[in-house]
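I have placed the structure first, in the form of structure tokens, so that the comments after it can refer back to it.
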Amino acid sequence: MKKIFLCTHLLILSIFVSCTTDDVYTVETITQTKEFQEQNTNVFSKGLGHYDTLGSFHNLVLETYVSENYSYTTLEDIFLQVKNTTEDLGNTTYLSGLVPLEDLTYMVNNPESSLDTFIENSDLTDVAKASFSTFATSLSLIESSDDDTFYNTITAYEQSVKADVNLSSEDNESILTATTLLKYSSTFRKKRRKDKDWEVSVGNKVNIAAKFQGAVAYDDTTAVIMSVTMEIYLNINQ
């Protein structure tokens with residue numbers, strides 16, 4: 001599916017979310033949202049810094065949602081509020097209706113198989129499908145590792161994707177979008193790691209599936225919404 005962008009500015013945002021000993025996430029950049037609204041109608045920009053911009057917007061949406069202390073627990077309620085949050089932040093490219101919610105629901109209902117299903121049914125080339133499938137398996141196996149190992153594994157894979165001449169430009173963009181969301185969502189990963197059962201559970205597959213499907217099947221705004229929705233849902237319900 002063709003991705004849609006309404007680009008006005010490029011803004012690389014530094015988002016800092018801290019966690020207390022009780023796992024309560026707090027916002028340290030309390031003026032960030034207002035500044036974002038004043039300076040940008042859409043954060044996405046192609047070219048230099050695009051993926052960092054995308055990742056920063058992802059964390060801005062996540063941080064803004066958490067700061068409001070919403071009590072939503074259902075997937076649908078979380079999804080709709082995250083969607084509203086992206087709109088409040090000035091992003092108006094969301095055009096996907098409720099179809100992404102159906103995909104997220106499928107992931108939750110089919111945690112063991114949904115990632116493989118979405119990879120197989122995607123528009124990626126066979127080479128790209130095999131590449132991301134292998135990467136996802138590797139990432140699942142190191143979920144309990146330290147942050148540096150987790151981050152370095154993703155960045156090393158990104159470098160291999162960029163260097164792989166067998167991947168199309170569409171493959172490259174979709175995969176790098178998914179890996180960007182995985183890197184920038186590591187804030188919530190710290191909490192998940194504390195639960196030993198969670199480290200080996202199928203929840204990590206669902207989290208990867210949300211990033212992948214958003215990146216491959218939808219525009220970047222929808223990819224962010226799907227990623228943030230699943231991060232919040234899994235932390236509440238696991």
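In the structure tokens, each chain is lettered A, B, ... as it comes, each chain's residues begin at 1, and ligands are numbered from 1 in order of appearance.
Taking only C-alpha atoms, the non-local environment of region 59-71 of chain A within 6 Å (same-chain residues fewer than 2 positions away omitted) comprises Ser56, Phe57 and Val228 of chain A.
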Expected file: the selected residues, all heavy atoms, as a PDB file, in the first residue's frame:
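Wrote out_12.pdb, looks like this:
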```pdb
ATOM      1  N   SER A  56      10.881   9.391  16.960  1.00  0.00           N
ATOM      2  CA  SER A  56      10.653  10.433  17.952  1.00  0.00           C
ATOM      3  C   SER A  56       9.176  10.775  18.072  1.00  0.00           C
ATOM      4  O   SER A  56       8.665  11.007  19.173  1.00  0.00           O
ATOM      5  CB  SER A  56      11.449  11.688  17.588  1.00  0.00           C
ATOM      6  OG  SER A  56      12.833  11.436  17.650  1.00  0.00           O
ATOM      7  N   PHE A  57       8.494  10.791  16.953  1.00  0.00           N
ATOM      8  CA  PHE A  57       7.051  11.035  17.001  1.00  0.00           C
ATOM      9  C   PHE A  57       6.343   9.887  17.723  1.00  0.00           C
ATOM     10  O   PHE A  57       5.414  10.109  18.513  1.00  0.00           O
ATOM     11  CB  PHE A  57       6.477  11.195  15.595  1.00  0.00           C
ATOM     12  CG  PHE A  57       5.001  11.491  15.591  1.00  0.00           C
ATOM     13  CD1 PHE A  57       4.537  12.747  15.954  1.00  0.00           C
ATOM     14  CD2 PHE A  57       4.082  10.519  15.255  1.00  0.00           C
ATOM     15  CE1 PHE A  57       3.176  13.021  15.972  1.00  0.00           C
ATOM     16  CE2 PHE A  57       2.725  10.776  15.274  1.00  0.00           C
ATOM     17  CZ  PHE A  57       2.266  12.035  15.628  1.00  0.00           C
ATOM     18  N   VAL A 228       2.039   2.032  19.325  1.00  0.00           N
ATOM     19  CA  VAL A 228       1.776   2.585  20.657  1.00  0.00           C
ATOM     20  C   VAL A 228       0.604   1.861  21.309  1.00  0.00           C
ATOM     21  O   VAL A 228       0.651   1.539  22.510  1.00  0.00           O
ATOM     22  CB  VAL A 228       1.500   4.098  20.567  1.00  0.00           C
ATOM     23  CG1 VAL A 228       1.035   4.637  21.919  1.00  0.00           C
ATOM     24  CG2 VAL A 228       2.753   4.837  20.102  1.00  0.00           C
TER      25      VAL A 228
END
```
Inset, instruction - Extract, using only C-alpha atoms, all DNA, RNA and protein residues at most 10 Å from Leu182 (chain A), discarding same-chain residues fewer than 2 positions from it, and format them as number ranges by chain. - result: A: 55, 150-151, 154, 176-180, 184-186, 189, 207-208, 210-212, 227
For the selection just defined, write its residues with N, CA and C atoms to a file, as a PDB file, in the first residue's frame.
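Wrote out.pdb, looks like this:
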```pdb
ATOM      1  N   GLY A  55      10.558   7.741  14.733  1.00  0.00           N
ATOM      2  CA  GLY A  55      10.712   7.158  16.057  1.00  0.00           C
ATOM      3  C   GLY A  55      10.447   8.161  17.161  1.00  0.00           C
ATOM      4  N   PHE A 150      20.097  -5.616  22.833  1.00  0.00           N
ATOM      5  CA  PHE A 150      18.836  -5.504  22.104  1.00  0.00           C
ATOM      6  C   PHE A 150      18.937  -4.431  21.023  1.00  0.00           C
ATOM      7  N   TYR A 151      19.432  -3.268  21.404  1.00  0.00           N
ATOM      8  CA  TYR A 151      19.563  -2.147  20.468  1.00  0.00           C
ATOM      9  C   TYR A 151      20.552  -2.472  19.357  1.00  0.00           C
ATOM     10  N   ILE A 154      19.248  -4.772  16.636  1.00  0.00           N
ATOM     11  CA  ILE A 154      18.371  -4.095  15.675  1.00  0.00           C
ATOM     12  C   ILE A 154      19.170  -3.240  14.701  1.00  0.00           C
ATOM     13  N   LEU A 176      12.697  -1.016   7.552  1.00  0.00           N
ATOM     14  CA  LEU A 176      13.331   0.000   8.393  1.00  0.00           C
ATOM     15  C   LEU A 176      12.306   0.770   9.234  1.00  0.00           C
ATOM     16  N   THR A 177      11.103   0.911   8.720  1.00  0.00           N
ATOM     17  CA  THR A 177      10.045   1.518   9.520  1.00  0.00           C
ATOM     18  C   THR A 177       9.723   0.638  10.726  1.00  0.00           C
ATOM     19  N   ALA A 178       9.605  -0.662  10.491  1.00  0.00           N
ATOM     20  CA  ALA A 178       9.308  -1.598  11.580  1.00  0.00           C
ATOM     21  C   ALA A 178      10.425  -1.626  12.612  1.00  0.00           C
ATOM     22  N   THR A 179      11.675  -1.667  12.167  1.00  0.00           N
ATOM     23  CA  THR A 179      12.795  -1.724  13.120  1.00  0.00           C
ATOM     24  C   THR A 179      12.931  -0.411  13.889  1.00  0.00           C
ATOM     25  N   THR A 180      12.592   0.699  13.262  1.00  0.00           N
ATOM     26  CA  THR A 180      12.614   1.979  13.965  1.00  0.00           C
ATOM     27  C   THR A 180      11.620   1.974  15.121  1.00  0.00           C
ATOM     28  N   TYR A 184      12.582   2.464  19.144  1.00  0.00           N
ATOM     29  CA  TYR A 184      12.090   3.578  19.932  1.00  0.00           C
ATOM     30  C   TYR A 184      11.066   3.173  20.989  1.00  0.00           C
ATOM     31  N   SER A 185      10.538   1.972  20.890  1.00  0.00           N
ATOM     32  CA  SER A 185       9.557   1.519  21.879  1.00  0.00           C
ATOM     33  C   SER A 185      10.210   0.788  23.043  1.00  0.00           C
ATOM     34  N   SER A 186      11.523   0.855  23.143  1.00  0.00           N
ATOM     35  CA  SER A 186      12.229   0.105  24.186  1.00  0.00           C
ATOM     36  C   SER A 186      11.935   0.622  25.592  1.00  0.00           C
ATOM     37  N   ARG A 189       9.864  -1.879  27.059  1.00  0.00           N
ATOM     38  CA  ARG A 189      10.546  -3.172  27.113  1.00  0.00           C
ATOM     39  C   ARG A 189      11.190  -3.390  28.479  1.00  0.00           C
ATOM     40  N   ASN A 207       4.004  -8.005  19.850  1.00  0.00           N
ATOM     41  CA  ASN A 207       4.581  -6.669  19.777  1.00  0.00           C
ATOM     42  C   ASN A 207       5.304  -6.449  18.453  1.00  0.00           C
ATOM     43  N   ILE A 208       6.087  -7.427  18.037  1.00  0.00           N
ATOM     44  CA  ILE A 208       6.780  -7.323  16.749  1.00  0.00           C
ATOM     45  C   ILE A 208       5.780  -7.296  15.606  1.00  0.00           C
ATOM     46  N   ALA A 210       2.787  -6.095  15.574  1.00  0.00           N
ATOM     47  CA  ALA A 210       2.148  -4.787  15.473  1.00  0.00           C
ATOM     48  C   ALA A 210       3.026  -3.806  14.708  1.00  0.00           C
ATOM     49  N   LYS A 211       4.324  -3.840  14.992  1.00  0.00           N
ATOM     50  CA  LYS A 211       5.254  -2.960  14.290  1.00  0.00           C
ATOM     51  C   LYS A 211       5.330  -3.322  12.799  1.00  0.00           C
ATOM     52  N   PHE A 212       5.430  -4.622  12.539  1.00  0.00           N
ATOM     53  CA  PHE A 212       5.587  -5.078  11.161  1.00  0.00           C
ATOM     54  C   PHE A 212       4.357  -4.749  10.323  1.00  0.00           C
ATOM     55  N   SER A 227       1.608   0.625  16.870  1.00  0.00           N
ATOM     56  CA  SER A 227       2.715   0.301  17.761  1.00  0.00           C
ATOM     57  C   SER A 227       2.444   0.768  19.182  1.00  0.00           C
TER      58      SER A 227
END
```
Inset, instruction - Determine the nearest neighbour of Asp103 (chain A) from the options A:Ile119, A:Ala209, A:Ile78, A:Ile232, counting only C-alpha atoms. - result: A:Ala209
Legend entry - For Asn109 (chain A), the nearest of the candidates A:Leu75, A:Leu54, A:Ala215, A:Ala163, counting only C-alpha atoms: A:Leu75
Inset, instruction - Rank nothing, just name the residue among A:Thr137, A:Gln213, A:Thr229, A:Thr222 nearest to Thr117 (chain A), using only C-alpha atoms. - result: A:Gln213
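Closest approach to Tyr218 (chain A) from the set A:Ser140, A:Ser122, A:Gln81, A:Ser131 is made by A:Ser122, with distances taken over only C-alpha atoms.
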